[in-house]
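Peer 1: One file is attached below, protein30.cif, containing mmCIF, C-alpha atoms and all ligand atoms.
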data_work
#
loop_
_atom_site.group_PDB
_atom_site.id
_atom_site.type_symbol
_atom_site.label_atom_id
_atom_site.label_comp_id
_atom_site.auth_asym_id
_atom_site.auth_seq_id
_atom_site.Cartn_x
_atom_site.Cartn_y
_atom_site.Cartn_z
ATOM 1 C CA MET A 1042 0.000 0.000 0.000
ATOM 2 C CA VAL A 1043 1.421 3.345 -1.012
ATOM 3 C CA LYS A 1044 1.172 6.208 1.448
ATOM 4 C CA VAL A 1045 0.141 9.479 -0.182
ATOM 5 C CA GLU A 1046 0.843 12.880 1.360
ATOM 6 C CA PHE A 1047 -0.001 16.322 0.069
ATOM 7 C CA ILE A 1048 2.631 19.011 0.448
ATOM 8 C CA GLU A 1049 3.111 22.649 -0.509
ATOM 9 C CA VAL A 1050 6.172 23.734 -2.446
ATOM 10 C CA LYS A 1051 7.643 27.148 -3.212
ATOM 11 C CA GLU A 1052 8.337 26.602 -6.884
ATOM 12 C CA ALA A 1053 6.809 24.593 -9.723
ATOM 13 C CA LEU A 1054 9.475 24.868 -12.420
ATOM 14 C CA SER A 1055 12.949 24.140 -11.151
ATOM 15 C CA LYS A 1056 16.123 24.786 -13.098
ATOM 16 C CA SER A 1057 17.436 21.581 -14.646
ATOM 17 C CA ASN A 1058 21.087 20.644 -14.906
ATOM 18 C CA LEU A 1059 20.350 18.007 -17.515
ATOM 19 C CA PRO A 1060 21.486 18.515 -21.092
ATOM 20 C CA ASP A 1061 18.973 20.391 -23.201
ATOM 21 C CA LEU A 1062 16.447 20.786 -20.435
ATOM 22 C CA TYR A 1063 16.111 24.240 -19.073
ATOM 23 C CA TYR A 1064 13.503 23.366 -16.454
ATOM 24 C CA ALA A 1065 12.089 20.334 -14.724
ATOM 25 C CA LEU A 1066 8.494 19.932 -13.673
ATOM 26 C CA ASN A 1067 8.046 17.182 -11.103
ATOM 27 C CA PRO A 1068 4.466 17.014 -9.823
ATOM 28 C CA TYR A 1069 5.337 14.281 -7.330
ATOM 29 C CA PHE A 1070 8.163 13.239 -5.053
ATOM 30 C CA GLY A 1071 8.572 9.481 -5.287
ATOM 31 C CA CYS A 1072 7.391 6.954 -7.814
ATOM 32 C CA GLU A 1073 5.051 4.063 -7.341
ATOM 33 C CA HIS A 1074 6.589 2.160 -10.245
ATOM 34 C CA SER A 1075 9.302 1.121 -7.757
ATOM 35 C CA CYS A 1076 12.033 0.135 -10.189
ATOM 36 C CA ILE A 1077 14.761 -1.479 -8.126
ATOM 37 C CA TYR A 1078 17.527 0.340 -10.000
ATOM 38 C CA CYS A 1079 15.813 3.755 -9.941
ATOM 39 C CA TYR A 1080 18.416 6.533 -9.933
ATOM 40 C CA ALA A 1081 15.823 9.166 -9.004
ATOM 41 C CA ARG A 1082 15.906 8.229 -5.337
ATOM 42 C CA GLU A 1083 19.418 9.667 -5.169
ATOM 43 C CA TYR A 1084 18.271 12.971 -6.578
ATOM 44 C CA THR A 1085 15.027 13.314 -4.636
ATOM 45 C CA PRO A 1086 15.434 16.042 -2.027
ATOM 46 C CA ASP A 1087 12.851 14.512 0.327
ATOM 47 C CA LYS A 1088 14.709 12.019 2.522
ATOM 48 C CA GLU A 1089 11.618 10.186 3.704
ATOM 49 C CA VAL A 1090 10.614 9.525 0.108
ATOM 50 C CA SER A 1091 14.064 8.552 -1.118
ATOM 51 C CA GLU A 1092 14.598 6.140 1.767
ATOM 52 C CA ASN A 1093 11.201 4.516 1.239
ATOM 53 C CA TRP A 1094 11.235 4.476 -2.520
ATOM 54 C CA GLY A 1095 7.941 3.429 -4.060
ATOM 55 C CA LYS A 1096 6.148 3.373 -0.710
ATOM 56 C CA ILE A 1097 5.514 7.096 -0.214
ATOM 57 C CA ILE A 1098 4.335 9.582 -2.800
ATOM 58 C CA LYS A 1099 4.252 13.255 -1.943
ATOM 59 C CA VAL A 1100 1.920 15.267 -4.109
ATOM 60 C CA LYS A 1101 2.703 18.934 -4.709
ATOM 61 C CA LYS A 1102 -0.782 20.244 -4.104
ATOM 62 C CA ASN A 1103 -0.056 23.874 -5.046
ATOM 63 C CA LEU A 1104 1.955 22.980 -8.169
ATOM 64 C CA ILE A 1105 -0.626 24.063 -10.711
ATOM 65 C CA ASP A 1106 -1.366 27.389 -9.021
ATOM 66 C CA LEU A 1107 2.346 28.180 -8.909
ATOM 67 C CA LEU A 1108 2.893 27.089 -12.486
ATOM 68 C CA LYS A 1109 0.141 29.402 -13.768
ATOM 69 C CA ILE A 1110 2.039 32.336 -12.237
ATOM 70 C CA GLU A 1111 5.515 31.188 -13.227
ATOM 71 C CA VAL A 1112 4.745 30.696 -16.923
ATOM 72 C CA LYS A 1113 3.846 34.360 -17.143
ATOM 73 C CA LYS A 1114 7.206 35.426 -15.714
ATOM 74 C CA LYS A 1115 9.839 32.863 -16.654
ATOM 75 C CA LYS A 1116 11.700 32.843 -19.916
ATOM 76 C CA ARG A 1117 10.749 30.128 -22.390
ATOM 77 C CA GLY A 1118 12.801 26.950 -22.317
ATOM 78 C CA VAL A 1119 12.446 23.183 -22.653
ATOM 79 C CA VAL A 1120 10.763 21.584 -19.656
ATOM 80 C CA GLY A 1121 11.453 17.983 -18.683
ATOM 81 C CA LEU A 1122 8.289 16.246 -17.487
ATOM 82 C CA SER A 1123 9.385 14.696 -15.158
ATOM 83 C CA THR A 1124 13.014 14.221 -14.136
ATOM 84 C CA ILE A 1125 12.862 12.544 -10.724
ATOM 85 C CA THR A 1126 9.594 10.649 -10.957
ATOM 86 C CA ASP A 1127 7.415 9.124 -13.648
ATOM 87 C CA PRO A 1128 4.846 11.756 -14.657
ATOM 88 C CA TYR A 1129 2.368 9.005 -15.555
ATOM 89 C CA GLN A 1130 2.618 6.803 -12.478
ATOM 90 C CA PRO A 1131 -0.712 5.426 -11.154
ATOM 91 C CA ILE A 1132 -1.659 8.367 -8.916
ATOM 92 C CA GLU A 1133 -1.608 10.643 -11.956
ATOM 93 C CA LYS A 1134 -4.687 8.895 -13.307
ATOM 94 C CA GLU A 1135 -6.742 10.384 -10.512
ATOM 95 C CA LEU A 1136 -4.931 13.669 -9.776
ATOM 96 C CA GLU A 1137 -4.003 14.764 -13.324
ATOM 97 C CA LEU A 1138 -1.215 17.103 -12.227
ATOM 98 C CA SER A 1139 1.001 16.122 -15.165
ATOM 99 C CA ARG A 1140 -1.894 16.663 -17.551
ATOM 100 C CA LYS A 1141 -2.739 20.080 -16.137
ATOM 101 C CA GLY A 1142 0.940 21.059 -16.058
ATOM 102 C CA LEU A 1143 1.396 19.942 -19.648
ATOM 103 C CA GLU A 1144 -1.586 21.973 -20.782
ATOM 104 C CA ILE A 1145 -0.369 25.148 -19.066
ATOM 105 C CA LEU A 1146 3.159 24.796 -20.409
ATOM 106 C CA LEU A 1147 2.125 24.101 -23.991
ATOM 107 C CA LYS A 1148 -0.504 26.839 -24.092
ATOM 108 C CA ASN A 1149 2.161 29.261 -22.912
ATOM 109 C CA GLY A 1150 4.693 28.292 -25.565
ATOM 110 C CA PHE A 1151 7.069 26.126 -23.530
ATOM 111 C CA LYS A 1152 8.584 23.050 -25.162
ATOM 112 C CA VAL A 1153 8.066 19.869 -23.176
ATOM 113 C CA SER A 1154 10.078 16.662 -23.235
ATOM 114 C CA ILE A 1155 8.271 13.746 -21.604
ATOM 115 C CA GLN A 1156 9.774 10.482 -20.451
ATOM 116 C CA THR A 1157 7.652 7.682 -19.053
ATOM 117 C CA LYS A 1158 7.178 3.961 -18.670
ATOM 118 C CA SER A 1159 3.411 4.267 -18.806
ATOM 119 C CA ASP A 1160 0.804 4.154 -21.531
ATOM 120 C CA LEU A 1161 -1.235 6.577 -19.431
ATOM 121 C CA VAL A 1162 0.532 9.209 -21.519
ATOM 122 C CA LEU A 1163 -1.995 8.349 -24.265
ATOM 123 C CA ARG A 1164 -4.714 9.955 -22.177
ATOM 124 C CA ASP A 1165 -3.102 13.290 -23.065
ATOM 125 C CA LEU A 1166 -2.995 12.677 -26.821
ATOM 126 C CA ASP A 1167 -5.353 15.615 -27.281
ATOM 127 C CA PHE A 1168 -2.754 18.161 -26.087
ATOM 128 C CA LEU A 1169 0.150 16.232 -27.543
ATOM 129 C CA THR A 1170 -1.327 16.247 -31.036
ATOM 130 C CA GLN A 1171 -2.543 19.830 -30.778
ATOM 131 C CA PHE A 1172 0.951 21.031 -29.808
ATOM 132 C CA LYS A 1173 3.044 18.424 -31.599
ATOM 133 C CA ASP A 1174 5.699 20.967 -32.593
ATOM 134 C CA LEU A 1175 6.404 21.632 -28.937
ATOM 135 C CA VAL A 1176 6.629 18.102 -27.558
ATOM 136 C CA ASP A 1177 8.596 14.899 -27.724
ATOM 137 C CA VAL A 1178 7.788 11.730 -25.830
ATOM 138 C CA GLY A 1179 10.186 8.998 -24.806
ATOM 139 C CA LEU A 1180 9.152 5.540 -23.694
ATOM 140 C CA THR A 1181 11.615 3.609 -21.578
ATOM 141 C CA ILE A 1182 11.667 0.007 -22.730
ATOM 142 C CA THR A 1183 14.211 -1.860 -20.699
ATOM 143 C CA PHE A 1184 13.074 -5.449 -21.170
ATOM 144 C CA LEU A 1185 10.808 -7.309 -23.552
ATOM 145 C CA ASP A 1186 9.935 -10.193 -21.254
ATOM 146 C CA LYS A 1187 7.143 -9.167 -18.890
ATOM 147 C CA ASP A 1188 8.240 -11.498 -16.094
ATOM 148 C CA ILE A 1189 11.774 -10.114 -16.097
ATOM 149 C CA ALA A 1190 10.393 -6.581 -16.268
ATOM 150 C CA LYS A 1191 8.224 -7.312 -13.230
ATOM 151 C CA LYS A 1192 11.287 -8.293 -11.191
ATOM 152 C CA PHE A 1193 13.085 -5.025 -11.929
ATOM 153 C CA GLU A 1194 10.277 -2.548 -12.571
ATOM 154 C CA ILE A 1195 7.857 -3.849 -9.996
ATOM 155 C CA ASN A 1196 4.775 -1.697 -10.549
ATOM 156 C CA ALA A 1197 5.481 -0.227 -13.966
ATOM 157 C CA PRO A 1198 3.272 -1.120 -16.933
ATOM 158 C CA GLU A 1199 4.486 -4.175 -18.791
ATOM 159 C CA PRO A 1200 6.690 -3.705 -21.868
ATOM 160 C CA GLU A 1201 3.961 -4.487 -24.396
ATOM 161 C CA ARG A 1202 1.820 -1.608 -23.169
ATOM 162 C CA ARG A 1203 4.750 0.797 -23.504
ATOM 163 C CA ILE A 1204 5.501 -0.456 -27.007
ATOM 164 C CA ASN A 1205 1.870 -0.059 -28.046
ATOM 165 C CA ALA A 1206 1.871 3.463 -26.635
ATOM 166 C CA LEU A 1207 4.962 4.306 -28.649
ATOM 167 C CA TYR A 1208 3.306 3.150 -31.883
ATOM 168 C CA LYS A 1209 0.155 5.092 -31.101
ATOM 169 C CA LEU A 1210 2.083 8.306 -30.388
ATOM 170 C CA SER A 1211 4.077 7.888 -33.562
ATOM 171 C CA GLU A 1212 0.951 7.211 -35.633
ATOM 172 C CA ASN A 1213 -0.389 10.496 -34.308
ATOM 173 C CA GLY A 1214 2.641 12.381 -35.546
ATOM 174 C CA ILE A 1215 4.276 12.916 -32.146
ATOM 175 C CA LYS A 1216 8.082 12.992 -32.063
ATOM 176 C CA THR A 1217 9.116 9.906 -30.132
ATOM 177 C CA TRP A 1218 12.194 8.214 -28.783
ATOM 178 C CA VAL A 1219 13.015 4.918 -27.150
ATOM 179 C CA PHE A 1220 15.191 4.688 -24.105
ATOM 180 C CA TYR A 1221 16.838 1.289 -23.693
ATOM 181 C CA GLY A 1222 18.336 1.382 -20.251
ATOM 182 C CA PRO A 1223 19.683 0.561 -17.908
ATOM 183 C CA ILE A 1224 21.410 -2.222 -19.789
ATOM 184 C CA ILE A 1225 22.081 -4.934 -17.239
ATOM 185 C CA PRO A 1226 24.668 -7.597 -18.047
ATOM 186 C CA LYS A 1227 23.231 -11.079 -18.548
ATOM 187 C CA VAL A 1228 19.695 -9.740 -18.165
ATOM 188 C CA ASN A 1229 18.879 -7.483 -21.110
ATOM 189 C CA ASP A 1230 22.166 -7.205 -23.008
ATOM 190 C CA ASN A 1231 21.549 -9.873 -25.619
ATOM 191 C CA LEU A 1232 21.505 -9.015 -29.270
ATOM 192 C CA GLU A 1233 17.997 -10.357 -29.867
ATOM 193 C CA ILE A 1234 16.525 -7.773 -27.486
ATOM 194 C CA ILE A 1235 18.582 -5.007 -29.033
ATOM 195 C CA LYS A 1236 17.539 -5.983 -32.569
ATOM 196 C CA GLU A 1237 13.877 -6.040 -31.580
ATOM 197 C CA LEU A 1238 14.072 -2.654 -29.844
ATOM 198 C CA VAL A 1239 15.894 -1.100 -32.780
ATOM 199 C CA LYS A 1240 13.198 -2.508 -35.080
ATOM 200 C CA ILE A 1241 10.548 -0.857 -32.900
ATOM 201 C CA ALA A 1242 12.478 2.418 -33.023
ATOM 202 C CA LYS A 1243 12.673 2.164 -36.808
ATOM 203 C CA GLU A 1244 8.981 1.436 -37.233
ATOM 204 C CA THR A 1245 8.019 4.340 -34.995
ATOM 205 C CA ASN A 1246 10.593 6.701 -36.451
ATOM 206 C CA SER A 1247 12.057 7.107 -32.982
ATOM 207 C CA ILE A 1248 15.563 8.018 -31.910
ATOM 208 C CA PHE A 1249 17.156 5.132 -30.016
ATOM 209 C CA TYR A 1250 18.950 6.054 -26.792
ATOM 210 C CA TYR A 1251 20.823 3.506 -24.770
ATOM 211 C CA ASP A 1252 22.712 3.495 -21.516
ATOM 212 C CA LYS A 1253 24.461 1.054 -19.237
ATOM 213 C CA LEU A 1254 23.540 0.450 -15.625
ATOM 214 C CA ARG A 1255 25.048 3.235 -13.549
ATOM 215 C CA ILE A 1256 26.113 2.087 -10.118
ATOM 216 C CA LYS A 1257 24.694 4.417 -7.478
ATOM 217 C CA LYS A 1258 25.559 4.722 -3.797
ATOM 218 C CA PHE A 1259 22.284 3.178 -2.641
ATOM 219 C CA MET A 1260 23.040 0.075 -4.716
ATOM 220 C CA LEU A 1261 26.395 -0.435 -3.034
ATOM 221 C CA LYS A 1262 24.751 -0.199 0.386
ATOM 222 C CA SER A 1263 21.794 -2.428 -0.500
ATOM 223 C CA ASN A 1264 21.204 -5.883 0.975
ATOM 224 C CA ASP A 1265 18.819 -6.804 -1.803
ATOM 225 C CA LEU A 1266 20.195 -9.887 -3.548
ATOM 226 C CA LEU A 1267 19.044 -8.825 -6.991
ATOM 227 C CA ILE A 1268 20.752 -5.450 -6.640
ATOM 228 C CA LYS A 1269 23.935 -7.110 -5.400
ATOM 229 C CA GLU A 1270 23.815 -9.440 -8.401
ATOM 230 C CA ILE A 1271 23.435 -6.675 -10.965
ATOM 231 C CA VAL A 1272 26.174 -4.596 -9.360
ATOM 232 C CA ASN A 1273 28.554 -7.554 -9.469
ATOM 233 C CA SER A 1274 27.697 -8.456 -13.027
ATOM 234 C CA SER A 1275 28.464 -4.884 -14.129
ATOM 235 C CA LYS A 1276 32.009 -5.024 -12.806
ATOM 236 C CA SER A 1277 34.575 -5.419 -15.590
ATOM 237 C CA TYR A 1278 31.868 -5.697 -18.245
ATOM 238 C CA ASP A 1279 33.000 -4.869 -21.757
ATOM 239 C CA TRP A 1280 30.652 -1.938 -22.437
ATOM 240 C CA LYS A 1281 32.713 -0.729 -25.341
ATOM 241 C CA ASN A 1282 32.135 -3.952 -27.211
ATOM 242 C CA LEU A 1283 28.397 -3.931 -26.507
ATOM 243 C CA TYR A 1284 28.047 -0.295 -27.539
ATOM 244 C CA LYS A 1285 29.839 -1.087 -30.796
ATOM 245 C CA LYS A 1286 27.323 -3.842 -31.538
ATOM 246 C CA ILE A 1287 24.397 -1.554 -30.719
ATOM 247 C CA GLU A 1288 25.758 1.092 -33.071
ATOM 248 C CA GLU A 1289 26.164 -1.508 -35.819
ATOM 249 C CA ILE A 1290 22.602 -2.763 -35.442
ATOM 250 C CA CYS A 1291 21.296 0.807 -35.557
ATOM 251 C CA LYS A 1292 23.375 1.550 -38.627
ATOM 252 C CA GLU A 1293 22.143 -1.574 -40.443
ATOM 253 C CA ASN A 1294 18.594 -0.450 -39.738
ATOM 254 C CA ASN A 1295 19.183 3.198 -40.445
ATOM 255 C CA VAL A 1296 18.060 4.201 -36.966
ATOM 256 C CA LYS A 1297 19.456 7.236 -35.196
ATOM 257 C CA CYS A 1298 21.165 5.918 -32.168
ATOM 258 C CA LEU A 1299 22.722 7.803 -29.252
ATOM 259 C CA GLN A 1300 24.578 6.756 -26.177
ATOM 260 C CA ALA A 1301 22.839 8.708 -23.440
ATOM 261 C CA PHE A 1302 24.854 10.993 -21.176
ATOM 262 C CA GLU A 1303 28.183 10.328 -22.849
ATOM 263 C CA ASN A 1304 27.618 12.495 -25.862
ATOM 264 C CA LYS A 1305 28.453 16.123 -25.558
ATOM 265 C CA ARG A 1306 25.499 18.419 -25.934
ATOM 266 C CA ASN A 1307 26.533 19.765 -29.312
ATOM 267 C CA ASN A 1308 27.137 16.317 -30.737
ATOM 268 C CA ILE A 1309 23.673 15.304 -29.694
ATOM 269 C CA LEU A 1310 22.078 18.393 -31.103
ATOM 270 C CA SER A 1311 23.728 17.843 -34.454
ATOM 271 C CA PHE A 1312 21.979 14.472 -34.671
ATOM 272 C CA LEU A 1313 18.543 15.553 -33.648
ATOM 273 C CA PRO A 1314 15.797 16.470 -36.050
ATOM 274 C CA LYS A 1315 14.419 19.938 -35.618
ATOM 275 C CA GLY A 1316 12.163 20.186 -32.618
ATOM 276 C CA TYR A 1317 13.707 17.457 -30.503
ATOM 277 C CA SER A 1318 14.977 18.192 -27.081
ATOM 278 C CA ILE A 1319 16.748 15.389 -25.322
ATOM 279 C CA LEU A 1320 15.682 13.174 -22.604
ATOM 280 C CA PRO A 1321 15.188 14.026 -18.979
ATOM 281 C CA ILE A 1322 16.866 11.760 -16.468
ATOM 282 C CA LEU A 1323 16.415 8.502 -18.368
ATOM 283 C CA LEU A 1324 14.188 6.809 -15.909
HETATM 284 S S1 LIG B 1 12.999 4.469 -12.788
HETATM 285 FE FE1 LIG B 1 11.416 5.929 -13.366
HETATM 286 S S2 LIG B 1 9.572 4.733 -13.440
HETATM 287 FE FE2 LIG B 1 11.052 3.562 -12.260
HETATM 288 S S3 LIG B 1 10.714 4.117 -10.121
HETATM 289 FE FE3 LIG B 1 12.277 5.476 -10.932
HETATM 290 S S4 LIG B 1 11.157 7.268 -11.587
HETATM 291 FE FE4 LIG B 1 9.709 5.631 -11.406
#
Written as structure tokens, how would this file's structure read?

Peer 2:
Amino acid sequence: MVKVEFIEVKEALSKSNLPDLYYALNPYFGCEHSCIYCYAREYTPDKEVSENWGKIIKVKKNLIDLLKIEVKKKKRGVVGLSTITDPYQPIEKELELSRKGLEILLKNGFKVSIQTKSDLVLRDLDFLTQFKDLVDVGLTITFLDKDIAKKFEINAPEPERRINALYKLSENGIKTWVFYGPIIPKVNDNLEIIKELVKIAKETNSIFYYDKLRIKKFMLKSNDLLIKEIVNSSKSYDWKNLYKKIEEICKENNVKCLQAFENKRNNILSFLPKGYSILPILL
């Protein structure tokens, strides 16, 4: 059972340090999807939430009121929705803070880059299609097997739903991208998965981002056996060789492919079609 608390904050749009995002809009602290590798817990300022990841969600109850004021004053820039939580986690279905935030931002001329693991994003197709020049949407597809996904991304929608959402967004003319990450040795690093994901990216005209598992402090301290296993399997892994194979598969399929985080901003921008920002935190 997830505990939900309502809090007041002083600011809706925070300055982002991520490449190509000027602001971040995070309607919630915490994420019910409860991915065991989630990096966001290390960047969440609320200690109670970060130490009880997936069990407590804090809802920013005054977010929309603040945002309405801020969009009138702040300079235009790309907004990442969201960067330390999934904007379309289950509570969003009822509270609609991401939807309301998206509407305000788009109607006020802000560009928005969305990253999610949820097909709930399709609920907002009306705004996304109306403002398609201002948005891009990334779906994180880490695994293809739903049972493996369930072990790592405990409460997130299963991969098939994310894939279907990606096709639907693309069919509606929305700029899309796939995020394949974290790549975990011996779990989702085989070439069959990569070929299938690249095929999906090709068919949806999506950019293909990929990234290895990043070892975070909380993982090193964890007693969870699965976390220990993935940390160990990442030691001395030949990432260079895997990345080379990914690039080759993308090239064979004529899919734009980018190693997340490691590319310098300008390199990335030179690859991107007009109108693309790049991904938030790669959740
Ligand atoms: S990785 Fe993303 S979807 Fe998973 S728990 Fe973290 S914020 Fe939520």

Peer 1: How many Å separate atom CA of A:Lys1253 from atom CA of A:Pro1131?

Peer 2: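 Computed distance, atom CA of A:Lys1253 to atom CA of A:Pro1131, equals 26.8 Å.
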
Peer 1: Enumerate as an NGL selection string the residues within 7 Å of ligand LIG 1 (chain B), counting only C-alpha atoms and all ligand atoms.

Peer 2: :A and (1072-1076 or 1078-1081 or 1095 or 1125-1127 or 1157-1158 or 1194 or 1197 or 1324)

Peer 1: Using all atoms listed in the file, find all polymer residues with an atom at most 6 Å away from the point (7.6, 15.2, -21.5); report them as an NGL selection string.

Peer 2: :A and (1121-1122 or 1153-1156 or 1178)

Peer 1: Specify as a list in words each residue included when the PyMOL selection byres (((chain A and resi 1275) around 10) and not hetatm) is applied to this file.

Peer 2: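 This file, filtered by the PyMOL selection byres (((chain A and resi 1275) around 10) and not hetatm), leaves Ile1224, Ile1225, Pro1226, Lys1227, Lys1253, Leu1254, Arg1255, Ile1256, Glu1270, Ile1271, Val1272, Asn1273, Ser1274, Lys1276, Ser1277, Tyr1278, Asp1279 and Trp1280 of chain A.
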
Peer 1: Write out as a list in words the residues lying within 12 Å of A:Lys1240, counting all atoms listed in the file and excluding same-chain residues fewer than 2 positions away.

Peer 2: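 Once the nearby chain positions are removed, what remains is Ile1204, Tyr1208, Val1219, Glu1233, Ile1234, Ile1235, Lys1236, Glu1237, Leu1238, Ala1242, Lys1243, Glu1244, Thr1245, Asn1246, Ser1247, Ile1248, Phe1249, Ile1290, Cys1291, Lys1292, Glu1293, Asn1294, Asn1295, Val1296, Lys1297 and Cys1298 of chain A.
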
Peer 1: Enumerate, as a list in words, the residues matched when the PyMOL selection byres (((chain A and resi 1108) around 10) and not hetatm) is run on the file above.

Peer 2: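 Selection result, ordered by chain and number: Glu1052, Ala1053, Leu1054, Leu1066, Asn1103, Leu1104, Ile1105, Asp1106, Leu1107, Lys1109, Ile1110, Glu1111, Val1112, Lys1113, Lys1114, Lys1115, Lys1141, Gly1142, Ile1145 and Leu1146 of chain A.
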
Peer 1: Name the closest residue to A:Asn1196 among the candidates A:Pro1068, A:Lys1096, A:Arg1117, A:Lys1088; distances are taken between atoms, counting all atoms listed in the file.

Peer 2: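 Comparing A:Pro1068, A:Lys1096, A:Arg1117, A:Lys1088 against A:Asn1196, the winner is A:Lys1096.
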
Peer 1: Out of A:Leu1136, A:Gly1214, A:Thr1183, A:Lys1281, which residue has the shortest atom-to-atom distance to A:Tyr1251 when counting only C-alpha atoms?

Peer 2: A:Thr1183

Peer 1: Which residue is closest to A:Glu1046? Choose from A:Ala1206, A:Lys1101, A:Tyr1084, A:Pro1060 and count only C-alpha atoms.

Peer 2: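 The shortest atom-to-atom distance to A:Glu1046 comes from A:Lys1101.
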
Peer 1: List the spatial neighbours of A:Leu1166 as a list in words - criterion: any atom at most 10 Å away, all atoms listed in the file, same-chain residues fewer than 3 positions off excluded.

Peer 2: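 Using all atoms listed in the file, the neighbours found are Leu1161, Val1162, Leu1163, Leu1169, Thr1170, Gln1171, Phe1172, Lys1173, Lys1209, Leu1210, Asn1213 and Ile1215 of chain A.
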
Peer 1: Which residue out of A:Ile1189, A:Asn1067, A:Ser1159, A:Val1239 has the minimum interatomic distance to A:Arg1202 when only C-alpha atoms are used?

Peer 2: A:Ser1159

Peer 1: Using atom CA of A:Thr1085 and atom CA of A:Glu1049 as the two end points, give the distance in Å to one decimal.

Peer 2: 15.7 Å

Peer 1: Considering all atoms listed in the file, state which residue in the set A:Leu1180, A:Leu1059, A:Val1043, A:Ile1077 is at the smallest distance from A:Ile1268.

Peer 2: A:Ile1077

Peer 1: Atom CA of A:Tyr1250 and atom CA of A:Gly1222 are how many Å apart?

Peer 2: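 These atoms are spaced 8.1 Å apart.
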
Peer 1: Give the answer as one residue: which of A:Asn1282, A:Pro1223, A:Asp1160, A:Glu1289 has the shortest atom-to-atom distance to A:Phe1193, using only C-alpha atoms?

Peer 2: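 So, comparing all the options, the nearest one is A:Pro1223.
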
Peer 1: Find the spatial neighbours of A:Tyr1064, counting all atoms listed in the file, within a cut-off of 6 Å - ignore same-chain residues fewer than 6 positions away - and output them as a list in words.

Peer 2: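 Contacts, in chain order: Leu1054, Ser1055, Lys1056, Ser1057 and Val1120 of chain A.
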
Peer 1: What residues have an atom no more than 10 Å from (4.4, 8.8, 1.1) in the file's own frame, counting only C-alpha atoms, and can you write them as a list in words?

Peer 2: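 Those residues, ordered by chain and then number, are Met1042, Val1043, Lys1044, Val1045, Glu1046, Phe1047, Phe1070, Gly1071, Cys1072, Glu1073, Glu1089, Val1090, Ser1091, Asn1093, Trp1094, Gly1095, Lys1096, Ile1097, Ile1098, Lys1099 and Val1100 of chain A.
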
Peer 1: Could you complete stretch 1253-1265 of chain A so that it carries N, CA and C atoms, and give it back as a PDB file, in the frame of the given file?

Peer 2:
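After the write, part34.pdb holds the following:
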ATOM      1  N   LYS A1253      24.133   2.159 -20.138  1.00  0.00           N
ATOM      2  CA  LYS A1253      24.461   1.054 -19.237  1.00  0.00           C
ATOM      3  C   LYS A1253      23.903   1.315 -17.835  1.00  0.00           C
ATOM      4  N   LEU A1254      23.882   0.288 -17.034  1.00  0.00           N
ATOM      5  CA  LEU A1254      23.540   0.450 -15.625  1.00  0.00           C
ATOM      6  C   LEU A1254      24.598   1.313 -14.956  1.00  0.00           C
ATOM      7  N   ARG A1255      24.139   2.353 -14.298  1.00  0.00           N
ATOM      8  CA  ARG A1255      25.048   3.235 -13.549  1.00  0.00           C
ATOM      9  C   ARG A1255      24.979   2.814 -12.086  1.00  0.00           C
ATOM     10  N   ILE A1256      26.105   2.531 -11.516  1.00  0.00           N
ATOM     11  CA  ILE A1256      26.113   2.087 -10.118  1.00  0.00           C
ATOM     12  C   ILE A1256      25.995   3.306  -9.200  1.00  0.00           C
ATOM     13  N   LYS A1257      24.954   3.300  -8.393  1.00  0.00           N
ATOM     14  CA  LYS A1257      24.694   4.417  -7.478  1.00  0.00           C
ATOM     15  C   LYS A1257      24.991   3.991  -6.041  1.00  0.00           C
ATOM     16  N   LYS A1258      25.189   5.002  -5.202  1.00  0.00           N
ATOM     17  CA  LYS A1258      25.559   4.722  -3.797  1.00  0.00           C
ATOM     18  C   LYS A1258      24.572   3.772  -3.111  1.00  0.00           C
ATOM     19  N   PHE A1259      23.267   4.004  -3.350  1.00  0.00           N
ATOM     20  CA  PHE A1259      22.284   3.178  -2.641  1.00  0.00           C
ATOM     21  C   PHE A1259      22.411   1.704  -3.049  1.00  0.00           C
ATOM     22  N   MET A1260      22.891   1.469  -4.269  1.00  0.00           N
ATOM     23  CA  MET A1260      23.040   0.075  -4.716  1.00  0.00           C
ATOM     24  C   MET A1260      24.174  -0.607  -3.951  1.00  0.00           C
ATOM     25  N   LEU A1261      25.237   0.139  -3.731  1.00  0.00           N
ATOM     26  CA  LEU A1261      26.395  -0.435  -3.034  1.00  0.00           C
ATOM     27  C   LEU A1261      26.070  -0.756  -1.576  1.00  0.00           C
ATOM     28  N   LYS A1262      25.114   0.025  -1.025  1.00  0.00           N
ATOM     29  CA  LYS A1262      24.751  -0.199   0.386  1.00  0.00           C
ATOM     30  C   LYS A1262      23.629  -1.233   0.527  1.00  0.00           C
ATOM     31  N   SER A1263      23.001  -1.602  -0.572  1.00  0.00           N
ATOM     32  CA  SER A1263      21.794  -2.428  -0.500  1.00  0.00           C
ATOM     33  C   SER A1263      22.072  -3.883  -0.107  1.00  0.00           C
ATOM     34  N   ASN A1264      21.125  -4.455   0.640  1.00  0.00           N
ATOM     35  CA  ASN A1264      21.204  -5.883   0.975  1.00  0.00           C
ATOM     36  C   ASN A1264      20.341  -6.732   0.048  1.00  0.00           C
ATOM     37  N   ASP A1265      19.684  -6.084  -0.871  1.00  0.00           N
ATOM     38  CA  ASP A1265      18.819  -6.804  -1.803  1.00  0.00           C
ATOM     39  C   ASP A1265      19.684  -7.677  -2.731  1.00  0.00           C
TER      40      ASP A1265
END
